[in-house]
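Scroll down for the structure; my scribbles are underneath it.
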Amino acid sequence: MNRLIERDQLIEEWLYEAAKISKKSFEQTISVEEKTTRTDLVTNIDKKIEQFFIEKISTYFPGERVLGEESSKYPFTDLKGTVWIIDPIDGTLNFVKQKSDFAIMIGIYENGIGYLGYVYDVMRDELYSAAKNQGAYLNGEQLERVEDIPLREGLVAISHRLMTNENSDEARRIGRASSGVRMIGSAGLETTRVATGKLVAYIGASLAPWDIAAGKIIAEELGLIYTQLNGEIIDMLCHNKTVVATPSAHKEIIKNFK
Ligand code: IPD
Ligand code: CA
Ligand code: CA
Ligand code: CA
């Protein structure tokens with residue numbers, strides 16, 4: 001069997017197993033810890049899922065590196081070789097408070113270039129995936145390239161942090177220039193909503209590589225543009241202010257942040 005297909009099948013199996021761990025946890029008491037602030041949480045389930053992937057990867061793909069939100073040293077120094085960038089639960093606050101709107105995400109990069117991306121919306125059972133130059137899929141069905149809708153004709157997701165902490169006039173201006181603002185609280189899911197044309201753009205305040213890695217591969221396969229908010233390319237070794245959008249909306253948004 002083709003090595004890429006084999007790898008893809010394994011990853012999908014692992015994602016479904018990891019999703020079971022997350023859903024099973026709703027029957028138990030989970031332990032929640034604060035990391036840097038009272039809204040920056042980690043649970044024993046985030047850690048368990050990340051550990052699950054680390055064990056699988058070291059068994060099936062020894063020698064490939066894993067950069068995971070809950071276990072890796074950050075910032076990273078390089079992305080040489082094959083690197084798995086993992087967010088075991090994207091939207092931990094939603095996971096804890098809503099038991100929905102969270103995702104399990106894996107992006108695989110070869111010397112810094114993304115070639116496989118997965119965002120699994122666990123509670124909707126929607127698996128978004130993409131392979132570089134081979135299109136993007138939702139539960140195995142190929143997704144169509146996204147229509148190039150301008151900002152004023154679409155809904156835009158803007159990170160909570162940008163709208164509150166940073167008190168950004170630019171973000172508010174973009175909100176006003178769009179059809180309306182929506183907030184979900186999972187960078188991965190917000191990116192997949194842009195990928196399916198439900199949103200015209202998603203603006204992230206300060207996203208880490210694991211928030212970006214998988215969704216960026218999916219978005220780019222569909223003709224979307226994913227960059228820093230000032231238009232520069234994403235630096236996968238550190239945090240970035242980000243925008244993923246249709247080409248027209250992207251142009252209009254970055255103009256405001258230059
Ligand atoms: C967070 C979510 C959130 C975004 C934060 C991320 P986490 O990821 O994606 O929507 O605004 O910047 O850190 O911590 O739940 O994996
Ligand atoms: Ca986190
Ligand atoms: Ca995340
Ligand atoms: Ca996370």
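Here, A, B, ... name the chains of the structure tokens in the order displayed, residue numbers run from 1 inside each chain, and ligands are numbered from 1 in the same displayed order.
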
Taking only C-alpha atoms and all ligand atoms into account, report as an MDAnalysis selection string which residues have an atom no farther than 9 Å from an atom of ligand 1. chainID A and resid 40:42 46 69 87:95 102:104 158:162 183:190 204:208 210:212

May I have the selected residues written with C-alpha atoms, as a PDB file, in the first residue's frame?
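Generated output (result_17.pdb):
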ATOM      1  CA  ASP A  40      -5.394  28.931  30.470  1.00  0.00           C
ATOM      2  CA  LEU A  41      -6.383  25.409  31.482  1.00  0.00           C
ATOM      3  CA  VAL A  42      -5.068  21.909  31.041  1.00  0.00           C
ATOM      4  CA  ASP A  46      -5.305  16.821  27.315  1.00  0.00           C
ATOM      5  CA  GLU A  69       1.385  21.521  23.449  1.00  0.00           C
ATOM      6  CA  ASP A  87      -2.780  19.875  19.928  1.00  0.00           C
ATOM      7  CA  PRO A  88      -4.449  17.125  21.965  1.00  0.00           C
ATOM      8  CA  ILE A  89      -7.502  19.272  22.720  1.00  0.00           C
ATOM      9  CA  ASP A  90      -7.952  22.585  20.942  1.00  0.00           C
ATOM     10  CA  GLY A  91     -10.549  24.532  22.876  1.00  0.00           C
ATOM     11  CA  THR A  92      -9.816  23.181  26.352  1.00  0.00           C
ATOM     12  CA  LEU A  93     -12.060  25.850  27.906  1.00  0.00           C
ATOM     13  CA  ASN A  94     -14.949  24.638  25.717  1.00  0.00           C
ATOM     14  CA  PHE A  95     -14.109  21.029  26.580  1.00  0.00           C
ATOM     15  CA  PHE A 102     -13.254  21.263  20.794  1.00  0.00           C
ATOM     16  CA  ALA A 103     -10.963  19.512  18.330  1.00  0.00           C
ATOM     17  CA  ILE A 104      -8.057  17.100  18.252  1.00  0.00           C
ATOM     18  CA  ILE A 158     -12.237  37.256  15.871  1.00  0.00           C
ATOM     19  CA  SER A 159     -10.335  35.896  18.845  1.00  0.00           C
ATOM     20  CA  HIS A 160     -11.780  36.747  22.226  1.00  0.00           C
ATOM     21  CA  ARG A 161      -8.361  37.912  23.384  1.00  0.00           C
ATOM     22  CA  LEU A 162      -8.023  40.404  20.548  1.00  0.00           C
ATOM     23  CA  MET A 183     -16.578  33.515  18.326  1.00  0.00           C
ATOM     24  CA  ILE A 184     -16.164  29.793  18.908  1.00  0.00           C
ATOM     25  CA  GLY A 185     -13.022  29.453  21.022  1.00  0.00           C
ATOM     26  CA  SER A 186     -11.171  26.799  19.049  1.00  0.00           C
ATOM     27  CA  ALA A 187      -8.675  28.061  16.481  1.00  0.00           C
ATOM     28  CA  GLY A 188      -8.918  24.730  14.648  1.00  0.00           C
ATOM     29  CA  LEU A 189     -12.689  24.768  14.383  1.00  0.00           C
ATOM     30  CA  GLU A 190     -12.752  28.413  13.394  1.00  0.00           C
ATOM     31  CA  GLY A 204      -6.287  34.754  15.997  1.00  0.00           C
ATOM     32  CA  ALA A 205      -4.705  36.852  18.744  1.00  0.00           C
ATOM     33  CA  SER A 206      -1.556  34.948  19.594  1.00  0.00           C
ATOM     34  CA  LEU A 207      -1.613  31.430  18.269  1.00  0.00           C
ATOM     35  CA  ALA A 208       1.002  28.790  19.010  1.00  0.00           C
ATOM     36  CA  TRP A 210      -0.030  23.625  17.514  1.00  0.00           C
ATOM     37  CA  ASP A 211      -3.044  25.964  17.069  1.00  0.00           C
ATOM     38  CA  ILE A 212      -1.992  26.677  13.478  1.00  0.00           C
TER      39      ILE A 212
END

I need the strand (DSSP E) residues of region 6-238 of chain A per DSSP on the backbone, written as a PyMOL selection string. chain A and resi 32-34+41-43+65-68+82-90+103-110+113-121+126-131+136-138+141-142+155-158+180-182+201-207+225-228

Just give me the gap between CA of Ile11 (chain A) and CA of Thr191 (chain A) in Å, one decimal is fine. 20.2 Å

Could you pull out the alpha helix (DSSP H) residues of region 9-238 of chain A, going by DSSP on the backbone, and write them as a ChimeraX atom specification? /A:9-24,44-60,92-97,160-163,169-177,187-195,209-221

Using only C-alpha atoms, what does the table of region 153-233 of chain A residues within 9 Å of region 111-128 of chain A look like, with each row giving the shortest atom pair and its distance in Å to one decimal, sorted by chain and ascending number, as CSV?
residue,atom,partner,partner_atom,distance
A:Gly188,CA,A:Val119,CA,6.4
A:Leu189,CA,A:Asp121,CA,7.0
A:Thr192,CA,A:Tyr128,CA,7.4
A:Ala213,CA,A:Gly117,CA,7.2
A:Ala214,CA,A:Gly117,CA,4.2
A:Gly215,CA,A:Gly117,CA,6.6
A:Lys216,CA,A:Gly117,CA,7.8
A:Ile217,CA,A:Gly117,CA,5.6
A:Ile218,CA,A:Gly117,CA,6.2

Same residues, N, CA and C atoms, output as an mmCIF file, in the first residue's frame:
data_model
loop_
_atom_site.group_PDB
_atom_site.id
_atom_site.type_symbol
_atom_site.label_atom_id
_atom_site.label_comp_id
_atom_site.auth_asym_id
_atom_site.auth_seq_id
_atom_site.Cartn_x
_atom_site.Cartn_y
_atom_site.Cartn_z
ATOM 1 N N GLY A 188 -8.773 25.773 15.678
ATOM 2 C CA GLY A 188 -8.918 24.730 14.648
ATOM 3 C C GLY A 188 -10.308 24.744 14.047
ATOM 4 N N LEU A 189 -11.316 24.801 14.906
ATOM 5 C CA LEU A 189 -12.689 24.768 14.383
ATOM 6 C C LEU A 189 -13.017 26.048 13.636
ATOM 7 N N THR A 192 -11.665 25.593 10.257
ATOM 8 C CA THR A 192 -12.457 24.695 9.389
ATOM 9 C C THR A 192 -13.759 25.379 8.943
ATOM 10 N N ALA A 213 -0.850 24.571 12.993
ATOM 11 C CA ALA A 213 -0.225 23.583 12.087
ATOM 12 C C ALA A 213 -1.210 22.826 11.193
ATOM 13 N N ALA A 214 -2.214 22.199 11.783
ATOM 14 C CA ALA A 214 -3.114 21.341 11.000
ATOM 15 C C ALA A 214 -4.037 22.175 10.107
ATOM 16 N N GLY A 215 -4.650 23.194 10.696
ATOM 17 C CA GLY A 215 -5.636 23.989 9.964
ATOM 18 C C GLY A 215 -5.039 24.710 8.773
ATOM 19 N N LYS A 216 -3.782 25.108 8.904
ATOM 20 C CA LYS A 216 -3.134 25.852 7.815
ATOM 21 C C LYS A 216 -3.025 24.975 6.555
ATOM 22 N N ILE A 217 -2.690 23.714 6.751
ATOM 23 C CA ILE A 217 -2.544 22.810 5.601
ATOM 24 C C ILE A 217 -3.913 22.639 4.913
ATOM 25 N N ILE A 218 -4.952 22.469 5.723
ATOM 26 C CA ILE A 218 -6.303 22.281 5.172
ATOM 27 C C ILE A 218 -6.742 23.551 4.424
#

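If only C-alpha atoms are the atoms counted, then among A:Arg172, A:Arg152, A:Lys35, A:Arg145 the closest residue to Glu221 (chain A) is A:Arg145.
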
I'd like the neighbourhood of region 51-60 of chain A as a PyMOL selection string, where a residue qualifies if any of its atoms comes within 12 Å (using only C-alpha atoms), though same-chain residues fewer than 3 positions away should be ignored. chain A and resi 6-7+10-22+44-48+63-72+82-88+104-106+108

Shortest interatomic distance to ligand 4 - which of A:Lys198, A:Asn256, A:Thr246, A:Thr43, counting only C-alpha atoms and all ligand atoms: A:Thr43

Using only C-alpha atoms, determine which residues lie at most 7 Å from Cys238 (chain A), disregarding the query and same-chain residues fewer than 2 positions distant; provide the list as a count of residues only. 6

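For the choices A:Glu33, A:Glu166, A:Glu144, A:Glu110, the atom-to-atom distance to Leu222 (chain A) is smallest for A:Glu144 when using only C-alpha atoms.
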